[in-house]
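A.B. asks: Have a look at the structure that comes next, please.
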Amino acid sequence: MQKIISYPLTVIFFLLFGLVLVIFHPIQWICLKVFGYNAHKKSVSILNWFIMRCTNVLGTRYNFKNQQEIPANRPLIIVTNHQSMYDIPPIIWYMRKFHPKFVSKIELGKGIPSVSFNLRHGGSALIDRKDPKQSIAELQKLAKYIGANNRSAVIFPEGTRSRNGVPKPFRTTGLKVMLKNAPSALIVPISINNSWKLLRYGKFPMGLGSHVTFEVHPPMENSGNADELIAEIEKQIVAGVNTN
């Protein structure tokens, strides 16, 4: 019965979602071209708040638990598990004072209103998974950017999303590049739960009634030993993921 109900609600969601993306595309352009980076960044934060509100049509609820003292005057590398594209709006909104930038596949850099514009012009890294040299160069560029501007980079070390919530083993290359090129960055692990349930039936229809939770774990300093640090980051994130 729930899946049957989800069909009309999914149609409403996609109409609202598409409308929000179309409306915010020129808003982003004006903010960036006329008023500069800070205005553009605020428009992106508000855009993602609206995207979250669109998912409320599906009965989606969010709980972002952050009891950590995270400084805003130094770069951050935010490391998290990946369950769906709907992981991203809450991170942008709830971590907005840290100016989060993302590592994304290059294909998303064109063709999607609002999203592609922000990825191309907002400071994120667009990587070509078929071209390791290009990918590493983009990650190095992003790491140096957050280091110079005290901003944050969000990286999903699993590489691709988990379709059932069970974390995949970390691919360490990208994270090692970030750690090496932003040695002063504070590492912030986050565990995400239940975002995958929005896509439990696939892309259509959407899942209903998902309670998506985020838990920010204690930040870690870059010890200089990448292998040990990444193992500890992965352990902390996985421990916070509910696989039931």
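The way I read the labels, and the way they are meant: chains A, B, ... in the order of the structure tokens, residue 1 as the first residue of every chain, and ligand 1 as the first ligand shown, with later ones counted on from there.
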Name the residues of range 83-239 of chain A that come out as alpha helix (DSSP H) in a backbone DSSP run; write them as number ranges by chain.
C.D. replies: A: 88-94, 115-121, 132-149, 173-181, 226-239
A.B. asks: Take the residues from that selection and put them in a file with C-alpha atoms, as a PDB file, in the first residue's frame.
C.D. replies:
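Dumped everything to selection_32.pdb:
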```
ATOM      1  CA  ILE A  88      24.033  16.378   0.307  1.00  0.00           C
ATOM      2  CA  PRO A  89      21.361  19.063   1.035  1.00  0.00           C
ATOM      3  CA  PRO A  90      21.411  18.548   4.840  1.00  0.00           C
ATOM      4  CA  ILE A  91      25.220  18.727   4.911  1.00  0.00           C
ATOM      5  CA  ILE A  92      25.156  21.968   2.921  1.00  0.00           C
ATOM      6  CA  TRP A  93      22.454  23.448   5.144  1.00  0.00           C
ATOM      7  CA  TYR A  94      23.504  22.308   8.622  1.00  0.00           C
ATOM      8  CA  VAL A 115      23.273  21.859  -9.212  1.00  0.00           C
ATOM      9  CA  SER A 116      25.679  21.995 -12.151  1.00  0.00           C
ATOM     10  CA  PHE A 117      26.128  25.757 -11.817  1.00  0.00           C
ATOM     11  CA  ASN A 118      27.087  25.445  -8.158  1.00  0.00           C
ATOM     12  CA  LEU A 119      29.484  22.566  -8.797  1.00  0.00           C
ATOM     13  CA  ARG A 120      31.245  24.522 -11.552  1.00  0.00           C
ATOM     14  CA  HIS A 121      31.364  27.909  -9.830  1.00  0.00           C
ATOM     15  CA  PRO A 132      43.157   9.307 -12.535  1.00  0.00           C
ATOM     16  CA  LYS A 133      45.584  12.110 -13.414  1.00  0.00           C
ATOM     17  CA  GLN A 134      42.752  14.628 -13.811  1.00  0.00           C
ATOM     18  CA  SER A 135      41.061  13.387 -10.644  1.00  0.00           C
ATOM     19  CA  ILE A 136      44.172  13.780  -8.525  1.00  0.00           C
ATOM     20  CA  ALA A 137      44.818  17.257  -9.915  1.00  0.00           C
ATOM     21  CA  GLU A 138      41.246  18.309  -9.044  1.00  0.00           C
ATOM     22  CA  LEU A 139      41.569  16.938  -5.509  1.00  0.00           C
ATOM     23  CA  GLN A 140      44.877  18.735  -5.031  1.00  0.00           C
ATOM     24  CA  LYS A 141      43.281  21.959  -6.242  1.00  0.00           C
ATOM     25  CA  LEU A 142      40.348  21.550  -3.838  1.00  0.00           C
ATOM     26  CA  ALA A 143      42.636  20.750  -0.901  1.00  0.00           C
ATOM     27  CA  LYS A 144      44.745  23.840  -1.520  1.00  0.00           C
ATOM     28  CA  TYR A 145      41.604  25.935  -1.951  1.00  0.00           C
ATOM     29  CA  ILE A 146      40.136  24.991   1.438  1.00  0.00           C
ATOM     30  CA  GLY A 147      43.544  25.445   3.037  1.00  0.00           C
ATOM     31  CA  ALA A 148      43.901  28.961   1.675  1.00  0.00           C
ATOM     32  CA  ASN A 149      40.317  30.035   2.451  1.00  0.00           C
ATOM     33  CA  THR A 173      43.425   7.337  -2.672  1.00  0.00           C
ATOM     34  CA  GLY A 174      41.299  10.494  -2.811  1.00  0.00           C
ATOM     35  CA  LEU A 175      41.321  11.005   0.932  1.00  0.00           C
ATOM     36  CA  LYS A 176      45.087  10.563   1.043  1.00  0.00           C
ATOM     37  CA  VAL A 177      45.486  13.248  -1.620  1.00  0.00           C
ATOM     38  CA  MET A 178      43.317  15.610   0.436  1.00  0.00           C
ATOM     39  CA  LEU A 179      45.187  14.891   3.666  1.00  0.00           C
ATOM     40  CA  LYS A 180      48.554  15.456   2.004  1.00  0.00           C
ATOM     41  CA  ASN A 181      47.607  18.708   0.312  1.00  0.00           C
ATOM     42  CA  ALA A 226      47.407   8.568   6.491  1.00  0.00           C
ATOM     43  CA  ASP A 227      46.778   4.834   6.726  1.00  0.00           C
ATOM     44  CA  GLU A 228      46.229   4.834  10.480  1.00  0.00           C
ATOM     45  CA  LEU A 229      44.147   7.998  10.357  1.00  0.00           C
ATOM     46  CA  ILE A 230      41.873   6.743   7.570  1.00  0.00           C
ATOM     47  CA  ALA A 231      41.389   3.421   9.363  1.00  0.00           C
ATOM     48  CA  GLU A 232      40.293   5.295  12.493  1.00  0.00           C
ATOM     49  CA  ILE A 233      37.987   7.586  10.495  1.00  0.00           C
ATOM     50  CA  GLU A 234      36.363   4.602   8.781  1.00  0.00           C
ATOM     51  CA  LYS A 235      35.950   2.761  12.079  1.00  0.00           C
ATOM     52  CA  GLN A 236      34.224   5.753  13.663  1.00  0.00           C
ATOM     53  CA  ILE A 237      31.874   6.358  10.748  1.00  0.00           C
ATOM     54  CA  VAL A 238      30.912   2.689  10.325  1.00  0.00           C
ATOM     55  CA  ALA A 239      30.252   2.348  14.059  1.00  0.00           C
TER      56      ALA A 239
END
```
A.B. asks: Write out as an mmCIF file with N, CA, C and O atoms, in the first residue's frame each polymer residue whose atoms come within 12 Å of Gln28 in chain A, counting only C-alpha atoms; drop sequence neighbours fewer than 3 positions from it.
C.D. replies:
```
data_model
loop_
_atom_site.group_PDB
_atom_site.id
_atom_site.type_symbol
_atom_site.label_atom_id
_atom_site.label_comp_id
_atom_site.auth_asym_id
_atom_site.auth_seq_id
_atom_site.Cartn_x
_atom_site.Cartn_y
_atom_site.Cartn_z
ATOM 1 N N VAL A 20 12.117 24.179 -7.885
ATOM 2 C CA VAL A 20 13.121 24.815 -7.024
ATOM 3 C C VAL A 20 14.446 24.967 -7.773
ATOM 4 O O VAL A 20 15.086 26.028 -7.733
ATOM 5 N N LEU A 21 14.868 23.922 -8.485
ATOM 6 C CA LEU A 21 16.134 23.987 -9.224
ATOM 7 C C LEU A 21 16.082 25.054 -10.311
ATOM 8 O O LEU A 21 17.046 25.807 -10.510
ATOM 9 N N VAL A 22 14.955 25.131 -11.018
ATOM 10 C CA VAL A 22 14.822 26.112 -12.102
ATOM 11 C C VAL A 22 14.805 27.544 -11.546
ATOM 12 O O VAL A 22 15.437 28.446 -12.097
ATOM 13 N N ILE A 23 14.103 27.746 -10.456
ATOM 14 C CA ILE A 23 14.014 29.090 -9.862
ATOM 15 C C ILE A 23 15.367 29.556 -9.337
ATOM 16 O O ILE A 23 15.757 30.719 -9.525
ATOM 17 N N PHE A 24 16.104 28.644 -8.691
ATOM 18 C CA PHE A 24 17.356 29.055 -8.067
ATOM 19 C C PHE A 24 18.521 29.156 -9.040
ATOM 20 O O PHE A 24 19.563 29.717 -8.683
ATOM 21 N N HIS A 25 18.370 28.657 -10.251
ATOM 22 C CA HIS A 25 19.477 28.769 -11.214
ATOM 23 C C HIS A 25 19.787 30.237 -11.529
ATOM 24 O O HIS A 25 20.942 30.671 -11.371
ATOM 25 N N CYS A 31 23.434 36.243 -7.960
ATOM 26 C CA CYS A 31 24.187 36.387 -6.706
ATOM 27 C C CYS A 31 25.689 36.356 -6.957
ATOM 28 O O CYS A 31 26.438 37.176 -6.410
ATOM 29 N N LEU A 32 26.134 35.413 -7.787
ATOM 30 C CA LEU A 32 27.563 35.282 -8.040
ATOM 31 C C LEU A 32 28.098 36.424 -8.901
ATOM 32 O O LEU A 32 29.113 37.046 -8.558
ATOM 33 N N LYS A 33 27.428 36.701 -10.008
ATOM 34 C CA LYS A 33 27.948 37.672 -10.973
ATOM 35 C C LYS A 33 27.822 39.120 -10.494
ATOM 36 O O LYS A 33 28.661 39.956 -10.827
ATOM 37 N N VAL A 34 26.785 39.390 -9.705
ATOM 38 C CA VAL A 34 26.538 40.778 -9.281
ATOM 39 C C VAL A 34 27.076 41.048 -7.877
ATOM 40 O O VAL A 34 27.705 42.084 -7.632
ATOM 41 N N PHE A 35 26.849 40.090 -6.964
ATOM 42 C CA PHE A 35 27.167 40.340 -5.556
ATOM 43 C C PHE A 35 28.371 39.553 -5.039
ATOM 44 O O PHE A 35 28.862 39.832 -3.950
ATOM 45 N N GLY A 36 28.826 38.543 -5.770
ATOM 46 C CA GLY A 36 30.042 37.844 -5.392
ATOM 47 C C GLY A 36 29.828 36.552 -4.624
ATOM 48 O O GLY A 36 28.706 36.065 -4.457
ATOM 49 N N TYR A 37 30.947 36.023 -4.133
ATOM 50 C CA TYR A 37 30.961 34.685 -3.531
ATOM 51 C C TYR A 37 29.994 34.539 -2.362
ATOM 52 O O TYR A 37 29.241 33.563 -2.297
ATOM 53 N N ASN A 38 30.016 35.460 -1.407
ATOM 54 C CA ASN A 38 29.210 35.295 -0.192
ATOM 55 C C ASN A 38 27.716 35.236 -0.505
ATOM 56 O O ASN A 38 26.983 34.439 0.096
ATOM 57 N N ALA A 39 27.264 36.054 -1.424
ATOM 58 C CA ALA A 39 25.856 36.024 -1.809
ATOM 59 C C ALA A 39 25.518 34.703 -2.499
ATOM 60 O O ALA A 39 24.461 34.103 -2.253
ATOM 61 N N HIS A 40 26.420 34.254 -3.362
ATOM 62 C CA HIS A 40 26.198 32.968 -4.042
ATOM 63 C C HIS A 40 26.131 31.831 -3.040
ATOM 64 O O HIS A 40 25.248 30.971 -3.101
ATOM 65 N N LYS A 41 27.035 31.849 -2.071
ATOM 66 C CA LYS A 41 27.062 30.798 -1.056
ATOM 67 C C LYS A 41 25.759 30.772 -0.264
ATOM 68 O O LYS A 41 25.201 29.708 0.030
ATOM 69 N N LYS A 42 25.228 31.953 0.082
ATOM 70 C CA LYS A 42 23.960 32.015 0.809
ATOM 71 C C LYS A 42 22.813 31.485 -0.040
ATOM 72 O O LYS A 42 21.916 30.790 0.463
ATOM 73 N N SER A 43 22.840 31.781 -1.321
ATOM 74 C CA SER A 43 21.772 31.298 -2.206
ATOM 75 C C SER A 43 21.805 29.772 -2.300
ATOM 76 O O SER A 43 20.753 29.127 -2.365
ATOM 77 N N VAL A 44 23.002 29.200 -2.288
ATOM 78 C CA VAL A 44 23.128 27.736 -2.342
ATOM 79 C C VAL A 44 22.615 27.109 -1.045
ATOM 80 O O VAL A 44 21.939 26.073 -1.061
ATOM 81 N N SER A 45 22.916 27.734 0.082
ATOM 82 C CA SER A 45 22.416 27.223 1.359
ATOM 83 C C SER A 45 20.894 27.219 1.380
ATOM 84 O O SER A 45 20.264 26.224 1.768
ATOM 85 N N ILE A 46 20.291 28.319 0.938
ATOM 86 C CA ILE A 46 18.829 28.419 0.930
ATOM 87 C C ILE A 46 18.226 27.437 -0.067
ATOM 88 O O ILE A 46 17.189 26.807 0.206
ATOM 89 N N LEU A 47 18.859 27.285 -1.220
ATOM 90 C CA LEU A 47 18.415 26.294 -2.205
ATOM 91 C C LEU A 47 18.309 24.918 -1.573
ATOM 92 O O LEU A 47 17.301 24.210 -1.751
ATOM 93 N N PRO A 113 19.957 22.063 -13.765
ATOM 94 C CA PRO A 113 19.785 23.444 -13.274
ATOM 95 C C PRO A 113 20.203 23.574 -11.814
ATOM 96 O O PRO A 113 19.984 22.675 -11.005
ATOM 97 N N SER A 114 20.815 24.661 -11.462
ATOM 98 C CA SER A 114 21.270 24.989 -10.103
ATOM 99 C C SER A 114 22.429 24.100 -9.647
ATOM 100 O O SER A 114 23.475 24.595 -9.235
ATOM 101 N N VAL A 115 22.253 22.784 -9.714
ATOM 102 C CA VAL A 115 23.273 21.859 -9.212
ATOM 103 C C VAL A 115 24.566 21.996 -10.003
ATOM 104 O O VAL A 115 25.653 22.168 -9.436
ATOM 105 N N SER A 116 24.474 21.915 -11.314
ATOM 106 C CA SER A 116 25.679 21.995 -12.151
ATOM 107 C C SER A 116 26.358 23.352 -12.024
ATOM 108 O O SER A 116 27.593 23.443 -11.979
ATOM 109 N N PHE A 117 25.553 24.410 -11.951
ATOM 110 C CA PHE A 117 26.128 25.757 -11.817
ATOM 111 C C PHE A 117 26.933 25.862 -10.530
ATOM 112 O O PHE A 117 28.054 26.392 -10.527
ATOM 113 N N ASN A 118 26.377 25.361 -9.433
ATOM 114 C CA ASN A 118 27.087 25.445 -8.158
ATOM 115 C C ASN A 118 28.358 24.605 -8.171
ATOM 116 O O ASN A 118 29.398 25.033 -7.658
ATOM 117 N N LEU A 119 28.298 23.420 -8.751
ATOM 118 C CA LEU A 119 29.484 22.566 -8.797
ATOM 119 C C LEU A 119 30.599 23.228 -9.617
ATOM 120 O O LEU A 119 31.771 23.134 -9.259
ATOM 121 N N ARG A 120 30.231 23.898 -10.698
ATOM 122 C CA ARG A 120 31.245 24.522 -11.552
ATOM 123 C C ARG A 120 31.803 25.811 -10.963
ATOM 124 O O ARG A 120 32.985 26.119 -11.143
ATOM 125 N N HIS A 121 30.960 26.569 -10.255
ATOM 126 C CA HIS A 121 31.364 27.909 -9.830
ATOM 127 C C HIS A 121 31.476 28.086 -8.320
ATOM 128 O O HIS A 121 31.906 29.147 -7.868
ATOM 129 N N GLY A 122 31.107 27.070 -7.539
ATOM 130 C CA GLY A 122 31.083 27.231 -6.091
ATOM 131 C C GLY A 122 32.312 26.736 -5.367
ATOM 132 O O GLY A 122 32.382 26.811 -4.138
#
```
A.B. asks: With only C-alpha atoms as the basis for distance, which of A:His211, A:Leu126, A:Glu221, A:Ser104 is at the shortest distance from Ile187 in chain A?
C.D. replies: A:Glu221
A.B. asks: Have a look at A:Ala182, A:Val241, A:Ile106, A:Leu199 and name the one nearest to Val166 in chain A; count only C-alpha atoms.
C.D. replies: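 Going through A:Ala182, A:Val241, A:Ile106, A:Leu199 one by one, the smallest distance to Val166 in chain A is for A:Val241.
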A.B. asks: Counting only C-alpha atoms, figure out which residue out of A:Leu198, A:Leu186, A:Ala72, A:Leu15 gets nearest to Asp87 in chain A.
C.D. replies: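 Of the candidates, the smallest distance to Asp87 in chain A is held by A:Leu198.
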A.B. asks: Run DSSP on the backbone and give me the residues of range 18-173 of chain A it puts in strand (DSSP E or B), as an MDAnalysis selection string.
C.D. replies: chainID A and resid 61:65 76:80 100:105 125:127 152:155
A.B. asks: Excluding Pro8 in chain A and any residue of its chain fewer than 6 positions from it, enumerate the residues within 12 Å of it, using only C-alpha atoms, and give them as an NGL selection string.
C.D. replies: :A and (2 or 14-15 or 57-58 or 204-208)
A.B. asks: A:Ser210, A:Lys130, A:Gln68, A:Ser162: which is nearest Thr55 in chain A, counting only C-alpha atoms?
C.D. replies: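 Answer, going by the shortest atom-to-atom distance: A:Ser210.
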A.B. asks: In Å, how far is it from CA of Tyr7 in chain A to CA of Asn56 in chain A?
C.D. replies: 14.9 Å
A.B. asks: Using only C-alpha atoms, can you tell me which of A:Thr60, A:Ile27, A:Arg129, A:Ser152 comes closest to Lys97 in chain A?
C.D. replies: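 Checking each of A:Thr60, A:Ile27, A:Arg129, A:Ser152 against Lys97 in chain A, counting only C-alpha atoms, the winner is A:Ser152.
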A.B. asks: I need the residue nearest Ile4 in chain A from this list: A:Lys101, A:Tyr201, A:Arg61, A:Asn225. Use only C-alpha atoms for the distance.
C.D. replies: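 Nearest candidate to Ile4 in chain A out of A:Lys101, A:Tyr201, A:Arg61, A:Asn225: A:Tyr201.
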A.B. asks: Which residues, written as a CSV table (one decimal) with N, CA, C and O atoms, in the first residue's frame, have at least one atom at most 7 Å from Glu158 in chain A, with only C-alpha atoms counted and residues fewer than 6 positions away on the same chain left out?
C.D. replies:
```csv
chain,number,residue,atom,x,y,z
A,81,ASN,N,29.9,8.5,5.1
A,81,ASN,CA,29.4,7.4,4.3
A,81,ASN,C,28.4,8.0,3.3
A,81,ASN,O,28.0,9.2,3.5
A,82,HIS,N,28.1,7.3,2.3
A,82,HIS,CA,27.3,7.8,1.2
A,82,HIS,C,26.1,6.9,0.9
A,82,HIS,O,26.3,5.7,0.5
A,168,LYS,N,30.3,0.6,2.4
A,168,LYS,CA,31.3,-0.1,1.5
A,168,LYS,C,32.7,0.3,2.0
A,168,LYS,O,32.9,1.3,2.7
A,169,PRO,N,33.6,-0.6,1.7
A,169,PRO,CA,35.0,-0.3,2.2
A,169,PRO,C,35.5,1.0,1.6
A,169,PRO,O,35.2,1.3,0.4
A,170,PHE,N,36.2,1.8,2.3
A,170,PHE,CA,36.8,3.1,1.9
A,170,PHE,C,37.8,2.8,0.8
A,170,PHE,O,38.6,2.0,0.8
A,171,ARG,N,37.7,3.7,-0.3
A,171,ARG,CA,38.8,3.8,-1.3
A,171,ARG,C,39.6,5.0,-0.8
A,171,ARG,O,39.2,6.1,-0.7
```
A.B. asks: Rounded to one decimal in Å, what is the spacing between CA of Val11 in chain A and CA of Ile192 in chain A?
C.D. replies: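 Separating CA of Val11 in chain A from CA of Ile192 in chain A is a distance of 25.9 Å.
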A.B. asks: Skipping near chain neighbours, those fewer than 5 positions away, what residues fall within 7 Å of Ala185 in chain A using only C-alpha atoms, listed as a PDB file with N, CA, C and O atoms, in the first residue's frame?
C.D. replies:
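This went into out-v4.pdb:
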```pdb
ATOM      1  N   ARG A  74      39.471  27.493  10.435  1.00  0.00           N
ATOM      2  CA  ARG A  74      40.484  26.617   9.855  1.00  0.00           C
ATOM      3  C   ARG A  74      39.815  25.673   8.856  1.00  0.00           C
ATOM      4  O   ARG A  74      38.598  25.455   8.918  1.00  0.00           O
ATOM      5  N   PRO A  75      40.573  25.127   7.926  1.00  0.00           N
ATOM      6  CA  PRO A  75      39.966  24.232   6.925  1.00  0.00           C
ATOM      7  C   PRO A  75      39.512  22.917   7.549  1.00  0.00           C
ATOM      8  O   PRO A  75      40.066  22.461   8.549  1.00  0.00           O
ATOM      9  N   LEU A  76      38.478  22.329   6.925  1.00  0.00           N
ATOM     10  CA  LEU A  76      37.952  21.047   7.377  1.00  0.00           C
ATOM     11  C   LEU A  76      37.914  20.065   6.211  1.00  0.00           C
ATOM     12  O   LEU A  76      37.668  20.458   5.061  1.00  0.00           O
ATOM     13  N   ILE A  77      38.126  18.796   6.526  1.00  0.00           N
ATOM     14  CA  ILE A  77      37.830  17.725   5.585  1.00  0.00           C
ATOM     15  C   ILE A  77      36.722  16.899   6.220  1.00  0.00           C
ATOM     16  O   ILE A  77      36.940  16.222   7.225  1.00  0.00           O
ATOM     17  N   GLY A 147      42.457  25.033   2.159  1.00  0.00           N
ATOM     18  CA  GLY A 147      43.544  25.445   3.037  1.00  0.00           C
ATOM     19  C   GLY A 147      43.778  26.941   3.006  1.00  0.00           C
ATOM     20  O   GLY A 147      44.047  27.567   4.036  1.00  0.00           O
TER      21      GLY A 147
END
```
